[in-house]
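Worksheet: one structure, shown below.
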Amino acid sequence: MKAAIICGSRDQGYTSEMCRSFSKGLAVHSITSAIFFPLKMEIGHCSGCGCCSESGTCCISDEMGLLYKAFRECDLFVLASPIHFSGPSSLIKVVIDRFQPFWSVESEHPRFSAALLSGGSPSPRFANAVSEFKAFSAGTKMECLGSLEIPGTDSMDISDVAEPSFDFAKEIGMKIKDRR
């Protein structure tokens with residue numbers, strides 16, 4: 001079993017710590033994972049050209065191809081994002097928008113998805129990001145297994161997100177094993 005974790009934030013922040021701890025939790029169930037940081041990748045915006053609606057292939061040649069390959073080969077696809085202005089980060093949004101080829105043409109895809117969300121305020125609006133991630137999952141024919149939402153990170157130590165992320169991964173791992 002394999003997982004691809006897309007971290008829509010900088011490395012060394014709360015969201016990246018959630019991703020690393022989640023990866024360790026998956027390993028308990030012998031699920032290997034790779035964490036991708038779009039911030040460190042050359043990924044262009046979807047231009048809406050429509051090329052993919054006929055061919056199933058994006059016309060833009062960039063590092064998004066690495067994410068497409070990981071998507072086709074994994075069993076679990078995880079989107080991770082801090083909440084910015086009541087929604088996902090622009091980094092994760094660009095990645096989601098570039099998955100148009102998978103909405104247009106039937107293609108290989110993971111069976112499951114999950115989300116990791118962090119919010120600095122005591123009461124961030126996670127619902128908008130959760131809704132977008134569920135729509136992405138449905139559009140790419142994945143079963144969404146849930147989301148971990150950690151509020152109040154502005155007043156936490158970065159290590160405070162590790163245990164809940166690890167535990168959530170163990171829970172997701174059990175759900176995957178139960179559905180095999």
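Numbering starts fresh at 1 for the residues of each chain in the structure tokens, the chains themselves are lettered A, B, ... in the order given, and ligands are numbered from 1 as they appear.
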Query raised in the report: Taking the backbone alone, and naming residues the way the document does, which bits of stretch 94-176 of chain A are helix (DSSP H, G or I) by DSSP, as number ranges by chain?
Result: A: 94-97, 100-104, 126-139, 153-155, 158-176
Query raised in the report: If you count only C-alpha atoms, which residues fall within 8 Å of A:Leu145, apart from same-chain ones fewer than 3 positions away, as number ranges by chain?
Result: A: 112-114, 172, 175
Neighbours of A:Tyr68 within 12 Å (only C-alpha atoms; same-chain residues fewer than 4 positions away dropped), as a CSV table (one decimal) with C-alpha atoms, in the first residue's frame?
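Full text of part.csv as output:
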chain,number,residue,atom,x,y,z
A,4,ALA,CA,1.0,10.4,-1.6
A,6,ILE,CA,0.6,16.8,-0.8
A,36,PHE,CA,5.4,16.4,-1.9
A,43,ILE,CA,3.8,23.8,-11.1
A,56,GLY,CA,-6.9,13.2,-20.8
A,57,THR,CA,-3.4,14.8,-20.7
A,58,CYS,CA,-2.5,18.2,-19.6
A,61,SER,CA,4.9,20.3,-19.2
A,62,ASP,CA,6.1,20.9,-15.6
A,63,GLU,CA,6.6,19.1,-12.3
A,64,MET,CA,2.9,18.4,-12.0
A,72,ARG,CA,-1.9,7.0,-10.4
A,73,GLU,CA,0.3,4.7,-8.3
A,74,CYS,CA,-1.0,5.3,-4.8
A,77,PHE,CA,-4.1,10.5,-1.7
A,95,VAL,CA,-2.6,21.5,-7.5
A,96,ILE,CA,-6.3,20.7,-7.3
A,98,ARG,CA,-4.4,20.9,-12.4
A,99,PHE,CA,-6.2,17.6,-11.9
A,100,GLN,CA,-8.7,18.6,-14.6
A,101,PRO,CA,-7.4,15.7,-16.8
A,102,PHE,CA,-8.7,13.2,-14.2
A,107,SER,CA,-8.0,7.2,-15.6
A,108,GLU,CA,-6.1,5.3,-12.9
A,109,HIS,CA,-6.6,6.8,-9.5
A,110,PRO,CA,-6.3,6.0,-5.8
A,140,THR,CA,-11.6,11.9,-9.2
Query raised in the report: Near stretch 19-32 of chain A, counting only C-alpha atoms, which residues have an atom at most 6 Å away, once you skip same-chain residues fewer than 3 positions from it, shown as a PyMOL selection string?
Result: chain A and resi 1-2+16+162+165-166+169-170+173
With a distance cut-off of 8 Å and only C-alpha atoms, select the neighbouring residues of A:Asp97, excluding the residue or stretch itself and same-chain residues fewer than 4 positions from it, and output the selection as a PDB file with N, CA and C atoms, in the first residue's frame.
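Written output follows (out-v9.pdb):
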ATOM      1  N   HIS A  45      -0.209  27.257 -13.290  1.00  0.00           N
ATOM      2  CA  HIS A  45      -1.654  27.305 -13.119  1.00  0.00           C
ATOM      3  C   HIS A  45      -2.367  26.674 -14.316  1.00  0.00           C
ATOM      4  N   CYS A  46      -3.521  26.064 -14.068  1.00  0.00           N
ATOM      5  CA  CYS A  46      -4.368  25.582 -15.154  1.00  0.00           C
ATOM      6  C   CYS A  46      -4.792  26.802 -15.977  1.00  0.00           C
ATOM      7  N   LYS A  93      -4.575  24.735  -3.950  1.00  0.00           N
ATOM      8  CA  LYS A  93      -5.597  25.054  -4.952  1.00  0.00           C
ATOM      9  C   LYS A  93      -5.049  24.905  -6.366  1.00  0.00           C
TER      10      LYS A  93
END
Query raised in the report: Suppose you want the space between atom CA of A:Cys59 and atom CA of A:Pro38; what is it in Å?
Result: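 Between atom CA of A:Cys59 and atom CA of A:Pro38 the gap is 18.6 Å.
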